[in-house]
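To keep things clear, I will list the structure first and then write my remarks on it.
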Amino acid sequence: MLLLAAALPGSGLAAQDTRPLADEPELHYFDFWAGTWHRIVDGRVDTTATRFVVTPGVHAGAWEETWRQRLDTATVLHARAFRVWDKTTRRWMYVWVSDNGLFQVWEGRKVGANWYFYREFDIQGDRYLSRQAWLPAGPGRLVRISERSSDSGGTWQLRFREEYRRAP
C-alpha cells in the first residue's frame, strides 16, 4: 500500500520535475572535464601525487570522478565524487565520498565567470566556510583553488592552489 501511494499524484515521486534537461550554456561549463588529471609539482607532472579520473555521467552535465589523493608521503586517500548540473536549482552541485568515511555535499555558486563549490565546516569548534574551484587554465590544464572564510564569505584566505595537466 505504501509503495502504491508513493507513485500517486501529489506524492514525492509524482512531484518530481520530469521535463527533459534543457541545453543551456551553464550545462556545458565543465565540458573540458573528462580525462585523467595529474598534479603538477615543481613544474613537472608527478604521477605519484594526487590524480583523478573524470568520466561522463548520466547526462551532459553529469561527471563521475575517481580520486587518488596523496596527503603526505605515507597517506593516500581514495574517493569518488559526482559533479552535476541540477536543472531545478540551475546550479552545479558536488558530492564527495572517501574511503576514510567522509560524505560531503557542496553547493555550487557562480563567482564571476566561474563556478565554485561551497560548504560549511565545524571541526572541533573551528567553524568556517570553505569554497573550491577547478578553473580551466589553457588546453589540458587547470588550477584547483581552495579557500576558507571565517566571516561568512566576507573575506577569503587561500588554503592551497594546485595545478593539474590532463594526461595525453
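How things are named: the first chain in the C-alpha cells is A, the next is B, and so on; residues count from 1 in each chain; ligands count from 1 in the order shown.
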(message) For His28 of chain A, find every residue with an atom within 8 Å (counting only C-alpha atoms), except residues of its own chain fewer than 4 positions away, and show them as a list in words.
(response)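 Neighbouring residues, sequence-local ones excluded: Glu24, Ala60 and Gly61 of chain A.
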(message) Need the shell around Ala167 of chain A: protein/DNA/RNA residues with any atom at most 10 Å away, counting only C-alpha atoms. Skip same-chain ones fewer than 5 positions apart. Format as number ranges by chain?
(response) A: 35-38, 45, 47, 53, 140-141
(message) Can you tell me which residues surround Phe160 of chain A at a distance of at most 10 Å, considering only C-alpha atoms, apart from same-chain residues fewer than 5 positions away, and format the answer as a ChimeraX atom specification?
(response) /A:132,144-148
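Using only C-alpha atoms, the protein and nucleic acid residues lying no more than 7 Å from Arg91 of chain A, apart from those fewer than 4 places from it along its own chain, are Trp85, Asp86, Gly108 and Arg109 of chain A.
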How about saving the chosen residues, C-alpha atoms kept, as a PDB file, in the first residue's frame?
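So again_13.pdb came out as:
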```pdb
ATOM      1  CA  TRP A  85      24.217  20.320 -13.089  1.00  0.00           C
ATOM      2  CA  ASP A  86      20.877  20.465 -11.239  1.00  0.00           C
ATOM      3  CA  GLY A 108      27.700  25.413  -6.494  1.00  0.00           C
ATOM      4  CA  ARG A 109      27.750  29.214  -6.724  1.00  0.00           C
TER       5      ARG A 109
END
```
(message) With only C-alpha atoms as the counted atoms, please give the residues lying no more than 12 Å from segment 68-84 of chain A, apart from itself and same-chain residues fewer than 6 positions off, as a ChimeraX atom specification.
(response) /A:26-31,33-34,36-39,46-62,90-108,115-117,133-134
Would you export the selected residues with N, CA and C atoms as a short mmCIF file (atom, residue, chain, number, x, y, z; two decimals), in the first residue's frame, please?
```
data_model
loop_
_atom_site.label_atom_id
_atom_site.label_comp_id
_atom_site.auth_asym_id
_atom_site.auth_seq_id
_atom_site.Cartn_x
_atom_site.Cartn_y
_atom_site.Cartn_z
N GLU A 26 25.29 27.03 -19.13
CA GLU A 26 25.89 26.59 -17.86
C GLU A 26 26.05 25.07 -17.78
N LEU A 27 25.19 24.35 -18.48
CA LEU A 27 25.28 22.90 -18.54
C LEU A 27 26.63 22.46 -19.09
N HIS A 28 27.24 23.28 -19.91
CA HIS A 28 28.50 22.93 -20.59
C HIS A 28 29.74 23.53 -19.93
N TYR A 29 29.61 24.12 -18.75
CA TYR A 29 30.74 24.75 -18.10
C TYR A 29 31.92 23.78 -17.93
N PHE A 30 31.64 22.53 -17.57
CA PHE A 30 32.70 21.55 -17.34
C PHE A 30 32.94 20.64 -18.54
N ASP A 31 32.62 21.09 -19.72
CA ASP A 31 32.86 20.25 -20.91
C ASP A 31 34.34 19.88 -21.09
N TRP A 33 36.19 18.74 -18.80
CA TRP A 33 36.47 17.98 -17.60
C TRP A 33 36.94 16.54 -17.80
N ALA A 34 36.48 15.84 -18.84
CA ALA A 34 36.77 14.41 -19.00
C ALA A 34 38.27 14.17 -19.16
N THR A 36 42.06 11.99 -17.48
CA THR A 36 42.86 11.71 -16.31
C THR A 36 43.74 12.92 -16.04
N TRP A 37 43.65 13.46 -14.84
CA TRP A 37 44.35 14.68 -14.46
C TRP A 37 45.42 14.36 -13.42
N HIS A 38 46.65 14.84 -13.69
CA HIS A 38 47.78 14.65 -12.77
C HIS A 38 48.22 16.00 -12.24
N ARG A 39 48.61 16.00 -10.98
CA ARG A 39 49.08 17.23 -10.35
C ARG A 39 50.47 17.59 -10.88
N ASP A 46 53.60 14.99 -11.86
CA ASP A 46 54.01 14.00 -10.87
C ASP A 46 52.94 12.92 -10.80
N THR A 47 53.21 11.76 -11.40
CA THR A 47 52.23 10.68 -11.45
C THR A 47 52.04 10.00 -10.10
N THR A 48 52.89 10.31 -9.11
CA THR A 48 52.72 9.74 -7.76
C THR A 48 51.91 10.67 -6.86
N ALA A 49 51.70 11.91 -7.29
CA ALA A 49 50.93 12.88 -6.50
C ALA A 49 49.43 12.64 -6.73
N THR A 50 48.61 13.57 -6.26
CA THR A 50 47.16 13.47 -6.43
C THR A 50 46.81 13.39 -7.92
N ARG A 51 45.86 12.52 -8.21
CA ARG A 51 45.33 12.43 -9.58
C ARG A 51 43.86 12.05 -9.49
N PHE A 52 43.13 12.39 -10.56
CA PHE A 52 41.74 11.99 -10.62
C PHE A 52 41.36 11.69 -12.05
N VAL A 53 40.41 10.77 -12.19
CA VAL A 53 39.92 10.35 -13.49
C VAL A 53 38.46 10.77 -13.57
N VAL A 54 38.12 11.47 -14.65
CA VAL A 54 36.77 12.00 -14.82
C VAL A 54 36.14 11.35 -16.04
N THR A 55 34.93 10.81 -15.85
CA THR A 55 34.19 10.20 -16.96
C THR A 55 32.79 10.81 -17.03
N PRO A 56 32.20 10.82 -18.22
CA PRO A 56 30.83 11.36 -18.34
C PRO A 56 29.85 10.57 -17.49
N GLY A 57 28.85 11.28 -16.96
CA GLY A 57 27.82 10.66 -16.14
C GLY A 57 26.56 10.38 -16.94
N VAL A 58 25.41 10.45 -16.28
CA VAL A 58 24.15 10.04 -16.88
C VAL A 58 23.52 11.07 -17.81
N HIS A 59 24.03 12.30 -17.81
CA HIS A 59 23.55 13.31 -18.77
C HIS A 59 24.69 14.27 -19.10
N ALA A 60 24.46 15.20 -19.99
CA ALA A 60 25.52 16.08 -20.50
C ALA A 60 26.15 16.95 -19.43
N GLY A 61 25.49 17.15 -18.30
CA GLY A 61 26.03 17.96 -17.21
C GLY A 61 26.27 17.12 -15.97
N ALA A 62 26.70 15.88 -16.16
CA ALA A 62 26.98 15.00 -15.02
C ALA A 62 28.34 14.34 -15.24
N ARG A 90 19.29 25.23 -11.01
CA ARG A 90 20.13 25.89 -12.02
C ARG A 90 21.51 26.22 -11.45
N ARG A 91 22.11 25.19 -10.83
CA ARG A 91 23.47 25.35 -10.33
C ARG A 91 24.17 23.99 -10.32
N TRP A 92 25.49 24.05 -10.29
CA TRP A 92 26.30 22.84 -10.17
C TRP A 92 26.33 22.41 -8.71
N MET A 93 26.34 21.11 -8.49
CA MET A 93 26.45 20.54 -7.15
C MET A 93 27.59 19.52 -7.17
N TYR A 94 28.14 19.25 -5.99
CA TYR A 94 29.29 18.35 -5.89
C TYR A 94 29.13 17.47 -4.66
N VAL A 95 29.30 16.16 -4.85
CA VAL A 95 29.20 15.20 -3.75
C VAL A 95 30.49 14.40 -3.70
N TRP A 96 31.06 14.29 -2.51
CA TRP A 96 32.36 13.63 -2.30
C TRP A 96 32.19 12.52 -1.26
N VAL A 97 32.69 11.31 -1.58
CA VAL A 97 32.66 10.18 -0.65
C VAL A 97 34.06 9.57 -0.64
N SER A 98 34.66 9.47 0.55
CA SER A 98 36.04 8.97 0.63
C SER A 98 36.14 7.67 1.42
N ASP A 99 37.26 6.99 1.22
CA ASP A 99 37.47 5.71 1.89
C ASP A 99 37.73 5.85 3.40
N ASN A 100 37.94 7.07 3.88
CA ASN A 100 38.09 7.26 5.33
C ASN A 100 36.79 7.73 5.98
N GLY A 101 35.67 7.59 5.25
CA GLY A 101 34.36 7.82 5.84
C GLY A 101 33.77 9.20 5.67
N LEU A 102 34.35 10.03 4.80
CA LEU A 102 33.77 11.36 4.59
C LEU A 102 32.64 11.30 3.56
N PHE A 103 31.59 12.03 3.83
CA PHE A 103 30.50 12.24 2.88
C PHE A 103 30.21 13.74 2.92
N GLN A 104 30.45 14.41 1.80
CA GLN A 104 30.29 15.86 1.76
C GLN A 104 29.45 16.27 0.56
N VAL A 105 28.54 17.20 0.81
CA VAL A 105 27.73 17.79 -0.25
C VAL A 105 28.12 19.27 -0.34
N TRP A 106 28.55 19.68 -1.52
CA TRP A 106 28.99 21.05 -1.77
C TRP A 106 28.02 21.72 -2.72
N GLU A 107 27.68 22.97 -2.44
CA GLU A 107 26.73 23.74 -3.24
C GLU A 107 27.47 24.63 -4.22
N GLY A 108 27.08 24.58 -5.48
CA GLY A 108 27.70 25.41 -6.49
C GLY A 108 27.17 26.84 -6.47
N TRP A 115 32.51 28.71 -11.65
CA TRP A 115 31.73 28.02 -10.64
C TRP A 115 32.63 27.56 -9.50
N TYR A 116 32.23 27.90 -8.28
CA TYR A 116 32.89 27.47 -7.05
C TYR A 116 31.92 26.58 -6.29
N PHE A 117 32.48 25.70 -5.45
CA PHE A 117 31.65 24.83 -4.61
C PHE A 117 31.89 25.22 -3.15
N ALA A 133 37.41 25.59 -6.34
CA ALA A 133 37.09 25.67 -7.76
C ALA A 133 38.16 24.95 -8.56
N TRP A 134 37.76 24.43 -9.69
CA TRP A 134 38.66 23.84 -10.67
C TRP A 134 38.52 24.72 -11.90
#
```
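Minimum distance to Pro139 of chain A across A:Arg165, A:Glu65, A:Arg119, A:Gly112 (counting only C-alpha atoms) occurs at A:Arg165.
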(request) Quick one: everything within 10 Å of Trp156 of chain A, counting only C-alpha atoms, minus sequence neighbours fewer than 4 positions away in the same chain. Send it as a ChimeraX atom specification. (result) /A:129-131,146-152
Limited to C-alpha atoms, could you put the picked residues into a file as a short mmCIF file (atom, residue, chain, number, x, y, z; two decimals), in the first residue's frame?
```cif
data_model
loop_
_atom_site.label_atom_id
_atom_site.label_comp_id
_atom_site.auth_asym_id
_atom_site.auth_seq_id
_atom_site.Cartn_x
_atom_site.Cartn_y
_atom_site.Cartn_z
CA LEU A 129 33.01 28.46 5.14
CA SER A 130 35.08 26.66 2.54
CA ARG A 131 35.00 27.03 -1.20
CA SER A 146 40.68 26.02 -2.05
CA GLU A 147 39.84 28.96 0.22
CA ARG A 148 38.29 29.48 3.62
CA SER A 149 36.37 32.32 5.23
CA SER A 150 35.79 32.93 8.94
CA ASP A 151 33.36 35.79 8.26
CA SER A 152 30.69 34.02 6.16
#
```
(request) Report the distance between atom CA of Arg166 of chain A and atom CA of Ala113 of chain A in Å, rounded to one decimal place. (result)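 That distance, rounded to one decimal, is 21.9 Å.
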(message) Taking only C-alpha atoms into account, name the residue in A:Leu135, A:Val41, A:Ile123, A:Leu158 that is nearest to Val111 of chain A.
(response) A:Leu135
(message) As an exercise, work out the distance from atom CA of Trp67 of chain A to atom CA of Pro168 of chain A in Å and give it to one decimal place.
(response) 18.1 Å
(message) Would you compute the distance between atom CA of Glu162 of chain A and atom CA of Phe32 of chain A? Give it in Å to one decimal.
(response) 17.3 Å
